[in-house]
file input15.tsv (TSV, C-alpha atoms)
chain	number	residue	atom	x	y	z
A	1	MET	CA	9.37	-9.84	19.08
A	2	LYS	CA	10.20	-10.95	22.59
A	3	LYS	CA	6.85	-10.25	24.19
A	4	PRO	CA	4.22	-11.41	21.68
A	5	PHE	CA	0.52	-10.78	21.88
A	6	GLY	CA	-0.67	-14.07	23.35
A	7	GLY	CA	-3.85	-15.66	24.56
A	8	ILE	CA	-6.11	-18.50	23.51
A	9	VAL	CA	-8.55	-16.24	21.65
A	10	LEU	CA	-5.85	-14.70	19.46
A	11	ASP	CA	-4.21	-18.07	18.80
A	12	THR	CA	-7.44	-19.67	17.62
A	13	ALA	CA	-8.54	-16.67	15.55
A	14	PHE	CA	-5.10	-16.49	14.00
A	15	ARG	CA	-5.26	-20.14	12.95
A	16	ILE	CA	-8.52	-19.50	11.10
A	17	ILE	CA	-7.81	-16.07	9.62
A	18	VAL	CA	-4.29	-16.39	8.25
A	19	PRO	CA	-4.78	-19.18	5.63
A	20	PHE	CA	-7.78	-17.39	4.18
A	21	THR	CA	-5.84	-14.13	4.04
A	22	LEU	CA	-2.97	-15.77	2.19
A	23	ILE	CA	-5.26	-17.49	-0.32
A	24	TYR	CA	-7.17	-14.26	-0.86
A	25	GLY	CA	-3.89	-12.45	-1.47
A	26	VAL	CA	-2.89	-14.90	-4.19
A	27	TYR	CA	-6.39	-14.65	-5.69
A	28	VAL	CA	-6.16	-10.87	-5.80
A	29	LEU	CA	-2.79	-11.11	-7.51
A	30	ILE	CA	-4.01	-13.50	-10.21
A	31	PHE	CA	-7.44	-11.93	-10.66
A	32	GLY	CA	-6.10	-8.37	-10.60
A	33	GLU	CA	-6.22	-8.12	-14.36
A	34	ALA	CA	-9.94	-8.79	-14.56
A	35	GLY	CA	-11.28	-7.14	-11.44
A	36	PRO	CA	-10.36	-4.70	-8.71
A	37	GLY	CA	-7.01	-5.60	-7.26
A	38	GLY	CA	-3.46	-5.78	-8.37
A	39	GLY	CA	0.08	-6.02	-7.16
A	40	PHE	CA	-0.02	-3.50	-4.36
A	41	GLN	CA	-3.15	-4.86	-2.69
A	42	ALA	CA	-1.99	-8.47	-3.09
A	43	GLY	CA	1.36	-7.67	-1.51
A	44	ALA	CA	-0.29	-5.94	1.42
A	45	LEU	CA	-2.69	-8.86	1.95
A	46	LEU	CA	0.11	-11.43	1.80
A	47	SER	CA	2.18	-9.42	4.25
A	48	ILE	CA	-0.72	-9.34	6.71
A	49	GLY	CA	-0.34	-13.11	7.09
A	50	VAL	CA	3.35	-12.93	7.97
A	51	VAL	CA	2.97	-9.85	10.15
A	52	LEU	CA	0.09	-11.38	12.13
A	53	SER	CA	1.96	-14.63	12.66
A	54	ARG	CA	5.00	-12.77	13.91
A	55	LEU	CA	2.98	-10.53	16.21
A	56	ILE	CA	0.98	-13.36	17.74
A	57	MET	CA	3.44	-16.24	17.91
A	58	GLY	CA	6.61	-14.24	18.57
A	59	ASP	CA	9.98	-15.64	17.61
A	60	HIS	CA	8.83	-19.20	16.96
A	61	ALA	CA	6.36	-18.42	14.20
A	62	SER	CA	6.04	-20.88	11.32
A	63	PHE	CA	6.62	-18.43	8.54
A	64	ASN	CA	9.39	-16.19	9.64
A	65	ILE	CA	11.36	-14.13	7.17
A	66	SER	CA	14.48	-12.54	8.58
A	67	VAL	CA	15.36	-8.89	8.03
A	68	LYS	CA	18.21	-9.64	5.66
A	69	ASN	CA	16.13	-11.98	3.49
A	70	SER	CA	13.22	-9.59	3.32
A	71	LEU	CA	15.45	-6.69	2.33
A	72	VAL	CA	17.05	-8.76	-0.43
A	73	LEU	CA	13.68	-10.03	-1.65
A	74	ALA	CA	12.30	-6.48	-1.84
A	75	GLY	CA	15.14	-5.65	-4.19
A	76	VAL	CA	14.46	-8.83	-6.16
A	77	GLY	CA	10.82	-7.77	-6.61
A	78	THR	CA	11.89	-4.44	-8.05
A	79	PHE	CA	14.37	-6.24	-10.26
A	80	ILE	CA	11.68	-8.56	-11.69
A	81	TYR	CA	9.78	-5.49	-12.85
A	82	ALA	CA	12.80	-4.01	-14.58
A	83	ALA	CA	13.83	-7.40	-15.97
A	84	THR	CA	10.48	-7.68	-17.76
A	85	GLY	CA	11.26	-4.38	-19.45
A	86	TRP	CA	14.74	-5.54	-20.36
A	87	LEU	CA	13.40	-8.83	-21.71
A	88	ALA	CA	11.25	-6.92	-24.18
A	89	MET	CA	14.18	-4.64	-24.97
A	90	LEU	CA	16.55	-7.56	-25.68
A	91	ASN	CA	13.99	-9.01	-28.06
A	92	GLY	CA	13.95	-5.91	-30.20
A	93	GLY	CA	11.23	-3.71	-28.75
A	94	ASN	CA	11.10	-0.66	-26.56
A	95	PHE	CA	11.53	-0.77	-22.79
A	96	LEU	CA	8.40	-2.36	-21.22
A	97	ASP	CA	6.81	-2.96	-24.63
A	98	TYR	CA	5.13	-6.26	-23.89
A	99	SER	CA	4.39	-7.07	-27.53
A	100	TYR	CA	8.01	-8.11	-27.94
A	101	LEU	CA	8.20	-10.58	-25.07
A	102	PRO	CA	9.87	-13.81	-26.24
A	103	PHE	CA	6.87	-16.11	-25.80
A	104	LYS	CA	4.53	-17.66	-28.32
A	105	ALA	CA	1.00	-16.29	-28.52
A	106	GLU	CA	-1.61	-15.84	-31.19
A	107	HIS	CA	-2.44	-12.23	-30.44
A	108	THR	CA	-0.30	-9.50	-29.00
A	109	ASN	CA	-2.77	-8.75	-26.24
A	110	GLU	CA	-2.11	-12.17	-24.71
A	111	LEU	CA	1.55	-11.18	-24.48
A	112	HIS	CA	0.46	-7.93	-22.87
A	113	ALA	CA	-1.56	-9.84	-20.27
A	114	LEU	CA	1.47	-12.04	-19.56
A	115	GLY	CA	3.71	-9.00	-19.13
A	116	ILE	CA	1.18	-7.40	-16.77
A	117	LEU	CA	1.18	-10.61	-14.70
A	118	PHE	CA	4.99	-10.59	-14.50
A	119	ILE	CA	5.27	-7.01	-13.32
A	120	GLU	CA	2.48	-7.53	-10.83
A	121	ILE	CA	4.37	-10.45	-9.32
A	122	GLY	CA	7.36	-8.11	-8.97
A	123	VAL	CA	5.29	-5.38	-7.33
A	124	THR	CA	3.71	-7.95	-5.00
A	125	ILE	CA	7.06	-9.26	-3.75
A	126	CYS	CA	8.43	-5.75	-3.28
A	127	VAL	CA	5.43	-4.44	-1.33
A	128	MET	CA	5.13	-7.55	0.84
A	129	MET	CA	8.77	-7.56	1.82
A	130	THR	CA	8.83	-3.79	2.41
A	131	ILE	CA	5.93	-4.00	4.86
A	132	ILE	CA	7.58	-6.90	6.70
A	133	ASN	CA	10.81	-4.89	6.78
A	134	ILE	CA	9.23	-1.83	8.35
A	135	LEU	CA	7.50	-3.92	11.01
A	136	ASP	CA	10.81	-5.66	11.75
A	137	ALA	CA	12.61	-2.35	12.12
A	138	VAL	CA	9.98	-0.95	14.50
A	139	VAL	CA	9.83	-4.10	16.61
A	140	GLU	CA	13.60	-4.52	16.86
A	141	ARG	CA	14.01	-0.92	17.90
A	142	GLY	CA	11.52	-1.50	20.70
A	143	ASP	CA	13.35	-4.62	21.83
A	144	GLU	CA	16.63	-2.76	21.97
A	145	ASN	CA	15.25	0.15	23.97
A	146	GLY	CA	12.99	-1.84	26.25
A	147	SER	CA	15.41	-4.38	27.60
A	148	ALA	CA	19.12	-3.91	28.10
A	149	LYS	CA	21.00	-6.82	26.60
B	1	MET	CA	-30.71	12.91	-4.10
B	2	GLN	CA	-30.43	10.10	-1.57
B	3	ILE	CA	-26.92	9.29	-2.70
B	4	TYR	CA	-25.91	12.90	-2.04
B	5	LEU	CA	-27.44	12.65	1.42
B	6	ILE	CA	-25.41	9.53	2.24
B	7	GLU	CA	-22.29	11.16	0.87
B	8	ALA	CA	-22.89	14.27	2.98
B	9	ILE	CA	-23.34	12.17	6.11
B	10	LEU	CA	-20.13	10.27	5.36
B	11	LEU	CA	-18.20	13.49	4.75
B	12	VAL	CA	-19.41	14.99	8.02
B	13	PHE	CA	-18.42	11.78	9.81
B	14	LEU	CA	-15.00	11.96	8.14
B	15	ILE	CA	-14.43	15.50	9.41
B	16	VAL	CA	-15.61	14.58	12.92
B	17	THR	CA	-13.29	11.57	13.12
B	18	THR	CA	-10.34	13.62	11.86
B	19	ILE	CA	-10.88	16.31	14.49
B	20	SER	CA	-11.31	13.72	17.22
B	21	VAL	CA	-8.05	12.01	16.19
B	22	ILE	CA	-6.28	15.33	16.62
B	23	PHE	CA	-7.78	16.14	20.02
B	24	CYS	CA	-7.78	12.63	21.50
B	25	LYS	CA	-5.59	12.28	24.60
B	26	ASP	CA	-5.36	8.47	24.61
B	27	ILE	CA	-3.02	7.07	21.97
B	28	LEU	CA	-4.75	3.71	21.52
B	29	CYS	CA	-8.07	5.52	21.23
B	30	ALA	CA	-6.57	7.73	18.50
B	31	ALA	CA	-5.37	4.66	16.61
B	32	VAL	CA	-8.82	3.08	16.69
B	33	ILE	CA	-10.52	6.30	15.61
B	34	TYR	CA	-8.01	6.53	12.79
B	35	SER	CA	-9.12	3.11	11.56
B	36	ALA	CA	-12.72	4.37	11.64
B	37	PHE	CA	-11.59	7.32	9.50
B	38	SER	CA	-10.00	4.92	7.07
B	39	PHE	CA	-13.18	2.85	6.80
B	40	CYS	CA	-15.16	6.02	6.13
B	41	ALA	CA	-12.75	6.93	3.35
B	42	VAL	CA	-13.23	3.43	1.90
B	43	LEU	CA	-16.99	3.96	1.70
B	44	LEU	CA	-16.50	7.37	0.09
B	45	TYR	CA	-14.15	5.96	-2.54
B	46	LEU	CA	-16.63	3.19	-3.31
B	47	MET	CA	-19.36	5.77	-3.71
B	48	MET	CA	-17.25	7.74	-6.16
B	49	GLY	CA	-16.79	4.63	-8.29
B	50	ALA	CA	-13.16	3.76	-7.59
B	51	PRO	CA	-13.08	0.22	-6.20
B	52	ASP	CA	-9.33	-0.15	-6.74
B	53	VAL	CA	-8.53	2.84	-4.57
B	54	ALA	CA	-11.07	1.68	-1.99
B	55	PHE	CA	-9.43	-1.74	-1.84
B	56	THR	CA	-5.98	-0.20	-1.36
B	57	GLU	CA	-7.27	2.11	1.33
B	58	ALA	CA	-8.93	-0.76	3.20
B	59	VAL	CA	-5.79	-2.89	3.22
B	60	ILE	CA	-3.49	-0.02	4.13
B	61	GLY	CA	-5.84	1.13	6.89
B	62	THR	CA	-5.68	-2.34	8.41
B	63	ILE	CA	-1.90	-2.51	8.17
B	64	SER	CA	-1.35	0.95	9.65
B	65	THR	CA	-3.62	0.07	12.57
B	66	ILE	CA	-1.57	-3.08	13.14
B	67	TYR	CA	1.60	-0.96	13.10
B	68	PHE	CA	0.22	1.52	15.62
B	69	VAL	CA	-0.94	-1.18	18.00
B	70	ALA	CA	2.36	-3.08	17.74
B	71	SER	CA	4.34	0.10	18.46
B	72	LEU	CA	2.11	0.86	21.43
B	73	LYS	CA	2.71	-2.64	22.72
B	74	LYS	CA	6.45	-2.14	22.37
B	75	ILE	CA	6.58	1.14	24.27
B	76	ASP	CA	4.12	-0.10	26.95
B	77	ARG	CA	1.75	2.84	26.77
B	78	TRP	CA	-1.64	1.29	26.47
B	79	CYS	CA	-3.36	4.21	28.05
B	80	LYS	CA	-2.31	7.53	29.42
C	1	MET	CA	-1.30	38.90	13.59
C	2	ARG	CA	-3.68	36.30	14.95
C	3	GLY	CA	-6.68	38.29	13.73
C	4	LEU	CA	-5.12	38.63	10.28
C	5	VAL	CA	-4.57	34.87	10.07
C	6	THR	CA	-8.15	34.23	11.11
C	7	VAL	CA	-9.50	36.61	8.47
C	8	LEU	CA	-7.27	35.07	5.81
C	9	LEU	CA	-8.42	31.57	6.76
C	10	ALA	CA	-12.06	32.68	6.64
C	11	VAL	CA	-11.58	34.22	3.19
C	12	ILE	CA	-9.87	31.10	1.85
C	13	THR	CA	-12.60	28.84	3.26
C	14	GLY	CA	-15.30	31.05	1.75
C	15	MET	CA	-13.59	31.00	-1.65
C	16	PHE	CA	-13.25	27.21	-1.44
C	17	CYS	CA	-16.91	26.77	-0.56
C	18	SER	CA	-18.08	29.06	-3.34
C	19	PHE	CA	-15.81	27.70	-6.07
C	20	VAL	CA	-16.50	24.06	-5.29
C	21	THR	CA	-19.91	24.42	-6.92
C	22	TYR	CA	-18.23	25.04	-10.28
C	23	LEU	CA	-16.60	21.61	-10.26
C	24	PRO	CA	-18.02	19.09	-12.75
C	25	PHE	CA	-20.23	16.31	-11.45
C	26	ILE	CA	-18.86	12.81	-10.93
C	27	GLY	CA	-18.96	10.95	-14.23
C	28	ASP	CA	-19.80	14.02	-16.30
C	29	VAL	CA	-19.09	13.22	-19.98
C	30	ASN	CA	-18.61	16.83	-21.03
C	31	SER	CA	-16.03	17.72	-18.38
C	32	ALA	CA	-12.49	18.49	-19.50
C	33	PRO	CA	-10.67	15.39	-18.15
C	34	ASN	CA	-13.16	13.09	-19.89
C	35	GLN	CA	-12.70	14.69	-23.30
C	36	HIS	CA	-9.23	14.13	-24.67
C	37	VAL	CA	-7.53	10.84	-23.90
C	38	THR	CA	-10.03	8.96	-21.74
C	39	PRO	CA	-12.34	7.81	-24.58
C	40	VAL	CA	-9.35	6.36	-26.43
C	41	TYR	CA	-8.33	4.36	-23.38
C	42	ILE	CA	-11.89	3.13	-22.83
C	43	GLU	CA	-12.23	2.07	-26.47
C	44	ARG	CA	-8.89	0.43	-27.06
C	45	SER	CA	-7.67	-0.81	-23.69
C	46	VAL	CA	-9.02	-4.37	-24.04
C	47	GLN	CA	-7.58	-4.98	-27.50
C	48	ASP	CA	-4.32	-3.24	-26.64
C	49	THR	CA	-3.56	-4.66	-23.23
C	50	GLY	CA	-5.69	-7.79	-23.01
C	51	SER	CA	-6.92	-7.00	-19.52
C	52	PRO	CA	-10.62	-6.32	-18.93
C	53	ASN	CA	-9.83	-3.99	-16.04
C	54	ILE	CA	-9.04	-0.59	-17.51
C	55	VAL	CA	-7.29	0.61	-14.36
C	56	THR	CA	-4.84	-2.28	-14.37
C	57	GLY	CA	-4.21	-1.91	-18.07
C	58	LEU	CA	-3.56	1.79	-17.63
C	59	LEU	CA	-1.29	1.46	-14.62
C	60	ALA	CA	0.70	-1.54	-15.78
C	61	ASP	CA	0.81	-1.10	-19.53
C	62	TYR	CA	0.23	2.45	-20.77
C	63	ARG	CA	1.92	3.96	-17.71
C	64	GLY	CA	4.29	1.08	-16.96
C	65	PHE	CA	7.36	3.27	-16.60
C	66	ASP	CA	5.71	5.38	-13.89
C	67	THR	CA	4.70	2.29	-11.97
C	68	MET	CA	8.25	0.96	-12.12
C	69	TRP	CA	9.65	4.05	-10.41
C	70	GLU	CA	6.76	3.95	-7.95
C	71	THR	CA	7.87	0.46	-6.96
C	72	THR	CA	11.46	1.66	-6.70
C	73	VAL	CA	10.39	4.51	-4.43
C	74	MET	CA	8.59	2.02	-2.18
C	75	PHE	CA	11.68	-0.19	-1.99
C	76	LEU	CA	13.84	2.84	-1.15
C	77	ALA	CA	11.38	3.90	1.56
C	78	GLY	CA	11.61	0.48	3.19
C	79	LEU	CA	15.38	0.53	2.91
C	80	THR	CA	15.54	3.97	4.53
C	81	VAL	CA	13.30	2.93	7.42
C	82	VAL	CA	15.43	-0.13	8.05
C	83	MET	CA	18.63	1.90	7.95
C	84	LEU	CA	17.26	4.53	10.31
C	85	LEU	CA	15.50	2.30	12.79
C	86	SER	CA	17.48	-0.92	12.85
C	87	SER	CA	19.62	-1.64	15.88
C	88	SER	CA	22.62	0.61	16.21
C	89	THR	CA	25.06	-2.29	16.54
C	90	MET	CA	24.16	-3.62	13.11
C	91	GLY	CA	26.91	-2.90	10.62
C	92	ARG	CA	29.21	-1.27	13.15
C	93	ARG	CA	32.70	-2.66	13.63
C	94	PRO	CA	33.24	-4.96	16.59
C	95	GLU	CA	34.71	-3.45	19.73
C	96	LYS	CA	38.06	-5.25	19.41
C	97	GLU	CA	39.01	-3.43	16.21
C	98	ASP	CA	38.30	-0.13	17.92
C	99	GLU	CA	40.71	-1.03	20.70
C	100	ASP	CA	43.38	-2.02	18.18
C	101	ALA	CA	43.00	1.22	16.29
call {"tool": "encode", "arguments": {"input": "input15.tsv", "output": "structure tokens"}}
result
Amino acid sequence: MKKPFGGIVLDTAFRIIVPFTLIYGVYVLIFGEAGPGGGFQAGALLSIGVVLSRLIMGDHASFNISVKNSLVLAGVGTFIYAATGWLAMLNGGNFLDYSYLPFKAEHTNELHALGILFIEIGVTICVMMTIINILDAVVERGDENGSAK
Amino acid sequence: MQIYLIEAILLVFLIVTTISVIFCKDILCAAVIYSAFSFCAVLLYLMMGAPDVAFTEAVIGTISTIYFVASLKKIDRWCK
Amino acid sequence: MRGLVTVLLAVITGMFCSFVTYLPFIGDVNSAPNQHVTPVYIERSVQDTGSPNIVTGLLADYRGFDTMWETTVMFLAGLTVVMLLSSSTMGRRPEKEDEDA
């Protein structure tokens, strides 16, 4: 973004808000099994940190993920989900049957909790990168139309 | 009975915000009213006992407002 | 035509307002959606899926296949937006090759 939202108020507020948002996103991802939350919400919360930093600081933001990387990582997130299913399938179970995951556990429901955590990590990466992607596309389009290169 | 009263007030507010989004001339004003609509929907979801959906709606309402404001900044149309 | 549409809209709104009173209350145990499969999920979701949140267990475990395609749809939506909106020079051949050809 060539013309970022600037100003001392936004810079200071951004410095306070973004770390808490990121930590809360990770908390929602981990705690999503026991309370309200889950992959989708965690991905959206994590993406708010990156999106805000890009909108406020412009091109020299600390976390900046380029369009190519975010597109690839969105695919990787979807792949993690499917790979969890294939992992159970290679170990002798049905697709996405978490009881057959190749880890040691006393009860099968611990394996199920582990599988749910894996797929939620996949959903989180996919949603986060998709939101960053869409913002990138909109902002780049504006740059191209607004100023002739 | 009181919970129905609060729900009725929220539903009326939801309808009013929707109609004012449609008939609002200023684009930034429409975006802000849309975020008010989203917050109202969050409260309604919470009242119906679906905290997961309410959480999603809150986060997505925030992100869509950010999108609208960023697009408005790009096309330089803050007000009409 | 306009009058007909107005009358039709009025009739539909009246039917909606009168039929909405026949809907079951929120959290009604005897309503049809709470009869067949919901009690099974509520009873067995913790020992089956190991997650105390029934919604997460349902979305990620019992209905895991649906959620996978939901994620795929989201990825495809992002991909489509990027392909439609990204700058028009991205992925096009450089100008020199056009001159050669």
call {"tool": "closest_residue", "arguments": {"input": "input15.tsv", "among": "C:Gly64, C:Gly27, C:Gly3, C:Gly14", "to": "chain B", "atoms": "all atoms listed in the file"}}
result
C:Gly27
call {"tool": "atom_distance", "arguments": {"input": "input15.tsv", "atom1": "CA of Glu57 (chain B)", "atom2": "CA of Gly58 (chain A)"}}
result
27.5 Å
call {"tool": "atom_distance", "arguments": {"input": "input15.tsv", "atom1": "CA of Pro102 (chain A)", "atom2": "CA of Gly50 (chain C)"}}
result
17.0 Å
call {"tool": "closest_residue", "arguments": {"input": "input15.tsv", "among": "B:Phe39, B:Phe13, B:Tyr34, B:Phe68", "to": "chain A", "atoms": "only C-alpha atoms"}}
result
B:Phe68
call {"tool": "residues_near_point", "arguments": {"input": "input15.tsv", "point": "(10.5, -0.6, 13.9)", "cutoff": "9 Å", "atoms": "only C-alpha atoms", "output": "PyMOL selection string"}}
result
(chain A and resi 133-142) or (chain B and resi 67+71) or (chain C and resi 81-82+85-86)
call {"tool": "atom_distance", "arguments": {"input": "input15.tsv", "atom1": "CA of Ala82 (chain A)", "atom2": "CA of Ser70 (chain A)"}}
result
18.8 Å
call {"tool": "interface_residues", "arguments": {"input": "input15.tsv", "of": "chain B", "to": "chain C", "cutoff": "9 Å", "atoms": "all atoms listed in the file", "output": "PyMOL selection string"}}
result
chain B and resi 48-49+52
call {"tool": "axis_aligned_box", "arguments": {"input": "input15.tsv", "around": "region 35-51 of chain B", "padding_each_side": "6 Å", "output": "JSON"}}
result
{"center_x": -14.2, "center_y": 4.0, "center_z": 1.7, "size_x": 22.2, "size_y": 19.5, "size_z": 31.9}
call {"tool": "closest_residue", "arguments": {"input": "input15.tsv", "among": "C:Pro24, C:Ala10, C:Met15, C:Leu58", "to": "Val37 (chain C)", "atoms": "only C-alpha atoms"}}
result
C:Leu58
